[in-house]
Amino acid sequence: GESAEASLGNLRQALAEEGAFAVVGAYTIGFDDALLEMLRTDKVPLVGPFTLDPGDAFFDAAAFYIYAGFDEQARALADQAVMQGANPDRIVVASPEGARFDDSVSAVRRQVRTKSGAGESDEARYAGGEFDALAFAERVAEYEALIFLGPQSDLDPLLAALDSKGSSPRVYLLSSLLSKPLFDAPASFDRRIRIAYPTLSSDITPSGREEYQSLVETYSLPREHVQAQLAALAAAKLLVEGLRRAGRDLSRIRLTEGIEELFGFETGVTPPLSYGPNRRIGARGAHIIEVDLANKRYAPIGDGWYELR
């Protein structure tokens, strides 16, 4: 549809008139919560939707997401800050004001408290569209670790302002909030910036690449939106495995239970996926990479994947 409301209307019609059994690989950016409310009543399975942020209001719905949302990725960054030795009271999470960021800021602060076992991190919020980099740098310059959840248009001048003050805290970022590489950041931040990604090209195995290329050639798939295509392929494979486990006595409940049984399921194009009655995100974690400014490259940390506990 031309709007979220129109898309939901189309789906209502499909469910009511066409008897749709499940929703697979749906593009749900911008209306996840409304969609879940609609599907929750009849427990219609939602398998592998393509979205930026699934949020956390889905445990009573038959929804199965592939990648972690903003909150889970931000929690992985919080773990990184603690693991790199920052004291909890020297960690600050910064973001624009507004409901969009409230949950992620709260998630980070809870995770710091849980991971460290004690102590409270701080938070620094600012009015969106009114960012004063120099003034904000004054507020955060003394912290050891800065988890920044604002846009890159605010981040770039902030890093410059911190550098001018002789301050270079470790900085932790979400890839979805970045619009370009960070190789022009001040040299004082070399290998002091870490970024969380829900997926990377390294997730694709040789067999997964071969399978995808076969689909490209057979169906003349477009060159655009490859990541969305890979997510759709993973959703289809997730559905097939759920159907296989549900067996011949198929129902929506049996399909849901079949997917809930999966642990370390290999799609070939995503990290291994695991689900359960209380777990609705398959790849619950993030790839963590470090910015090597000297060589203008991104360097993975360890094996690159951090599983959120």
# chains A, B, ... in the order shown; residues from 1 in each chain; ligands from 1

call {"tool": "residues_around", "arguments": {"residues": "Val23 in chain A", "least_positions_apart": "4", "cutoff": "10 Å", "atoms": "only C-alpha atoms", "output": "MDAnalysis selection string"}}
result
chainID A and resid 11 15 39 44:49 63 235 239

call {"tool": "select_by_dssp", "arguments": {"residues": "range 49-298 of chain A", "states": "strand (DSSP E or B)", "output": "NGL selection string"}}
result
:A and (50 or 63-67 or 91-96 or 122-126 or 145-148 or 170-174 or 193-197 or 265 or 273 or 276 or 279 or 281-283 or 285-292 or 297-298)

call {"tool": "closest_residue", "arguments": {"among": "A:Leu293, A:Val216, A:Leu238, A:Leu77", "to": "Tyr306 in chain A", "atoms": "only C-alpha atoms"}}
result
A:Leu77

call {"tool": "select_by_dssp", "arguments": {"residues": "range 21-256 of chain A", "states": "helix (DSSP H, G or I)", "output": "VMD selection string"}}
result
chain A and resid 32 to 40 70 to 83 88 to 90 99 to 116 133 to 140 152 to 164 175 to 177 187 to 189 201 to 203 206 to 219 226 to 246 252 to 256

call {"tool": "residues_around", "arguments": {"residues": "Ser202 in chain A", "least_positions_apart": "4", "cutoff": "12 Å", "atoms": "only C-alpha atoms", "output": "list in words"}}
result
Tyr197, Pro198, Pro206, Gly208, Arg209, Gly268, Val269, Thr270, Pro271, His287, Pro300, Asp303, Gly304 and Trp305 of chain A

call {"tool": "write_last_selection", "arguments": {"atoms": "N, CA, C and O atoms", "output": "short mmCIF file (atom, residue, chain, number, x, y, z; two decimals), in the first residue's frame"}}
result
data_model
loop_
_atom_site.label_atom_id
_atom_site.label_comp_id
_atom_site.auth_asym_id
_atom_site.auth_seq_id
_atom_site.Cartn_x
_atom_site.Cartn_y
_atom_site.Cartn_z
N TYR A 197 26.82 -3.86 14.01
CA TYR A 197 26.09 -4.16 12.78
C TYR A 197 25.24 -5.42 13.01
O TYR A 197 25.73 -6.42 13.53
N PRO A 198 23.97 -5.42 12.58
CA PRO A 198 23.16 -6.63 12.74
C PRO A 198 23.60 -7.76 11.82
O PRO A 198 23.40 -8.93 12.12
N PRO A 206 29.79 -19.98 1.62
CA PRO A 206 29.92 -20.31 0.19
C PRO A 206 28.66 -20.97 -0.38
O PRO A 206 28.24 -20.64 -1.49
N GLY A 208 25.62 -20.63 0.81
CA GLY A 208 24.58 -19.62 0.79
C GLY A 208 24.72 -18.69 -0.39
O GLY A 208 23.73 -18.33 -1.05
N ARG A 209 25.95 -18.31 -0.71
CA ARG A 209 26.19 -17.45 -1.87
C ARG A 209 25.81 -18.17 -3.16
O ARG A 209 25.20 -17.57 -4.06
N GLY A 268 22.70 -19.87 5.86
CA GLY A 268 23.71 -19.64 4.85
C GLY A 268 23.87 -18.18 4.46
O GLY A 268 24.83 -17.83 3.76
N VAL A 269 22.94 -17.32 4.91
CA VAL A 269 23.02 -15.90 4.54
C VAL A 269 22.86 -14.98 5.75
O VAL A 269 22.84 -13.75 5.60
N THR A 270 22.75 -15.55 6.94
CA THR A 270 22.63 -14.78 8.18
C THR A 270 23.48 -15.45 9.25
O THR A 270 23.98 -16.57 9.06
N PRO A 271 23.67 -14.80 10.39
CA PRO A 271 24.24 -15.54 11.52
C PRO A 271 23.32 -16.71 11.88
O PRO A 271 22.13 -16.71 11.50
N HIS A 287 27.43 -7.85 15.12
CA HIS A 287 28.84 -7.82 14.72
C HIS A 287 29.44 -6.54 15.29
O HIS A 287 28.86 -5.46 15.13
N PRO A 300 37.29 -6.31 12.41
CA PRO A 300 36.40 -7.04 13.32
C PRO A 300 37.06 -7.27 14.66
O PRO A 300 38.29 -7.39 14.77
N ASP A 303 35.98 -12.79 16.58
CA ASP A 303 35.41 -13.39 15.37
C ASP A 303 34.34 -12.49 14.76
O ASP A 303 33.70 -12.85 13.78
N GLY A 304 34.17 -11.29 15.36
CA GLY A 304 33.27 -10.32 14.78
C GLY A 304 31.85 -10.36 15.30
O GLY A 304 31.16 -9.35 15.31
N TRP A 305 31.38 -11.53 15.78
CA TRP A 305 30.00 -11.66 16.23
C TRP A 305 29.95 -11.71 17.75
O TRP A 305 30.69 -12.47 18.39
#

call {"tool": "closest_residue", "arguments": {"among": "A:Glu224, A:Asp190, A:Glu130, A:Asp79", "to": "Glu97 in chain A", "atoms": "only C-alpha atoms"}}
result
A:Glu130

call {"tool": "closest_residue", "arguments": {"among": "A:Ala94, A:Ala196, A:Ala145, A:Val171", "to": "Ala127 in chain A", "atoms": "only C-alpha atoms"}}
result
A:Ala94

call {"tool": "atom_distance", "arguments": {"atom1": "CA of Tyr67 in chain A", "atom2": "CA of Glu260 in chain A"}}
result
15.7 Å

call {"tool": "residues_around", "arguments": {"residues": "Val105 in chain A", "least_positions_apart": "6", "cutoff": "9 Å", "atoms": "only C-alpha atoms", "output": "PyMOL selection string"}}
result
chain A and resi 71+74+93-95+123+149

call {"tool": "write_last_selection", "arguments": {"atoms": "N, CA and C atoms", "output": "PDB file, in the first residue's frame"}}
result
ATOM      1  N   ASP A  71      17.577  -1.767  20.320  1.00  0.00           N
ATOM      2  CA  ASP A  71      17.815  -1.976  21.753  1.00  0.00           C
ATOM      3  C   ASP A  71      18.846  -3.065  21.984  1.00  0.00           C
ATOM      4  N   ALA A  74      22.281  -1.897  20.922  1.00  0.00           N
ATOM      5  CA  ALA A  74      22.791  -0.931  21.898  1.00  0.00           C
ATOM      6  C   ALA A  74      23.247  -1.632  23.170  1.00  0.00           C
ATOM      7  N   VAL A  93      25.517   7.416  27.997  1.00  0.00           N
ATOM      8  CA  VAL A  93      24.784   7.150  26.765  1.00  0.00           C
ATOM      9  C   VAL A  93      24.125   8.459  26.355  1.00  0.00           C
ATOM     10  N   ALA A  94      24.360   8.861  25.120  1.00  0.00           N
ATOM     11  CA  ALA A  94      23.894  10.154  24.623  1.00  0.00           C
ATOM     12  C   ALA A  94      22.968   9.959  23.432  1.00  0.00           C
ATOM     13  N   SER A  95      21.927  10.776  23.359  1.00  0.00           N
ATOM     14  CA  SER A  95      20.997  10.704  22.236  1.00  0.00           C
ATOM     15  C   SER A  95      20.143  11.963  22.200  1.00  0.00           C
ATOM     16  N   GLU A 123      23.405   9.479  31.515  1.00  0.00           N
ATOM     17  CA  GLU A 123      22.820   9.766  30.220  1.00  0.00           C
ATOM     18  C   GLU A 123      22.877  11.263  29.954  1.00  0.00           C
ATOM     19  N   LEU A 149      23.856   7.598  20.347  1.00  0.00           N
ATOM     20  CA  LEU A 149      22.725   7.082  19.586  1.00  0.00           C
ATOM     21  C   LEU A 149      22.082   8.149  18.706  1.00  0.00           C
TER      22      LEU A 149
END

call {"tool": "atom_distance", "arguments": {"atom1": "CA of Arg245 in chain A", "atom2": "CA of Arg40 in chain A"}}
result
22.2 Å

call {"tool": "decode", "arguments": {"residues": "range 95-114 of chain A", "atoms": "N, CA, C and O atoms", "output": "mmCIF file, in the first residue's frame"}}
result
data_model
loop_
_atom_site.group_PDB
_atom_site.id
_atom_site.type_symbol
_atom_site.label_atom_id
_atom_site.label_comp_id
_atom_site.auth_asym_id
_atom_site.auth_seq_id
_atom_site.Cartn_x
_atom_site.Cartn_y
_atom_site.Cartn_z
ATOM 1 N N SER A 95 21.927 10.776 23.359
ATOM 2 C CA SER A 95 20.997 10.704 22.236
ATOM 3 C C SER A 95 20.143 11.963 22.200
ATOM 4 O O SER A 95 20.056 12.695 23.196
ATOM 5 N N PRO A 96 19.488 12.199 21.063
ATOM 6 C CA PRO A 96 18.485 13.266 21.040
ATOM 7 C C PRO A 96 17.341 12.921 21.990
ATOM 8 O O PRO A 96 17.122 11.749 22.334
ATOM 9 N N GLU A 97 16.629 13.940 22.422
ATOM 10 C CA GLU A 97 15.440 13.708 23.225
ATOM 11 C C GLU A 97 14.339 13.131 22.342
ATOM 12 O O GLU A 97 14.367 13.256 21.132
ATOM 13 N N GLY A 98 13.375 12.479 22.979
ATOM 14 C CA GLY A 98 12.248 11.955 22.214
ATOM 15 C C GLY A 98 12.014 10.484 22.464
ATOM 16 O O GLY A 98 12.937 9.732 22.812
ATOM 17 N N ALA A 99 10.762 10.075 22.272
ATOM 18 C CA ALA A 99 10.362 8.699 22.564
ATOM 19 C C ALA A 99 11.102 7.677 21.721
ATOM 20 O O ALA A 99 11.292 6.538 22.148
ATOM 21 N N ARG A 100 11.523 8.070 20.507
ATOM 22 C CA ARG A 100 12.207 7.126 19.621
ATOM 23 C C ARG A 100 13.448 6.538 20.279
ATOM 24 O O ARG A 100 13.813 5.389 20.030
ATOM 25 N N PHE A 101 14.116 7.332 21.126
ATOM 26 C CA PHE A 101 15.372 6.892 21.724
ATOM 27 C C PHE A 101 15.238 6.469 23.190
ATOM 28 O O PHE A 101 16.191 5.937 23.760
ATOM 29 N N ASP A 102 14.084 6.719 23.804
ATOM 30 C CA ASP A 102 13.937 6.463 25.237
ATOM 31 C C ASP A 102 14.228 5.006 25.600
ATOM 32 O O ASP A 102 14.951 4.719 26.559
ATOM 33 N N ASP A 103 13.640 4.085 24.840
ATOM 34 C CA ASP A 103 13.800 2.665 25.164
ATOM 35 C C ASP A 103 15.259 2.226 25.026
ATOM 36 O O ASP A 103 15.768 1.454 25.849
ATOM 37 N N SER A 104 15.937 2.704 23.983
ATOM 38 C CA SER A 104 17.329 2.298 23.776
ATOM 39 C C SER A 104 18.233 2.847 24.870
ATOM 40 O O SER A 104 19.133 2.151 25.355
ATOM 41 N N VAL A 105 18.002 4.084 25.283
ATOM 42 C CA VAL A 105 18.793 4.660 26.371
ATOM 43 C C VAL A 105 18.578 3.859 27.650
ATOM 44 O O VAL A 105 19.536 3.512 28.356
ATOM 45 N N SER A 106 17.337 3.540 27.953
ATOM 46 C CA SER A 106 17.048 2.745 29.149
ATOM 47 C C SER A 106 17.659 1.356 29.060
ATOM 48 O O SER A 106 18.189 0.831 30.041
ATOM 49 N N ALA A 107 17.613 0.749 27.860
ATOM 50 C CA ALA A 107 18.188 -0.587 27.670
ATOM 51 C C ALA A 107 19.690 -0.575 27.921
ATOM 52 O O ALA A 107 20.238 -1.498 28.536
ATOM 53 N N VAL A 108 20.373 0.462 27.433
ATOM 54 C CA VAL A 108 21.818 0.571 27.648
ATOM 55 C C VAL A 108 22.134 0.684 29.132
ATOM 56 O O VAL A 108 23.027 -0.013 29.642
ATOM 57 N N ARG A 109 21.412 1.522 29.832
ATOM 58 C CA ARG A 109 21.715 1.744 31.247
ATOM 59 C C ARG A 109 21.450 0.483 32.071
ATOM 60 O O ARG A 109 22.220 0.144 32.974
ATOM 61 N N ARG A 110 20.389 -0.247 31.739
ATOM 62 C CA ARG A 110 20.127 -1.519 32.430
ATOM 63 C C ARG A 110 21.232 -2.526 32.141
ATOM 64 O O ARG A 110 21.670 -3.262 33.033
ATOM 65 N N GLN A 111 21.681 -2.579 30.871
ATOM 66 C CA GLN A 111 22.703 -3.548 30.502
ATOM 67 C C GLN A 111 24.023 -3.253 31.188
ATOM 68 O O GLN A 111 24.736 -4.177 31.610
ATOM 69 N N VAL A 112 24.392 -1.976 31.294
ATOM 70 C CA VAL A 112 25.628 -1.618 32.002
ATOM 71 C C VAL A 112 25.550 -2.082 33.452
ATOM 72 O O VAL A 112 26.504 -2.659 33.993
ATOM 73 N N ARG A 113 24.402 -1.851 34.064
ATOM 74 C CA ARG A 113 24.222 -2.263 35.463
ATOM 75 C C ARG A 113 24.314 -3.780 35.596
ATOM 76 O O ARG A 113 24.950 -4.304 36.512
ATOM 77 N N THR A 114 23.709 -4.507 34.651
ATOM 78 C CA THR A 114 23.727 -5.972 34.705
ATOM 79 C C THR A 114 25.122 -6.518 34.431
ATOM 80 O O THR A 114 25.606 -7.409 35.141
#
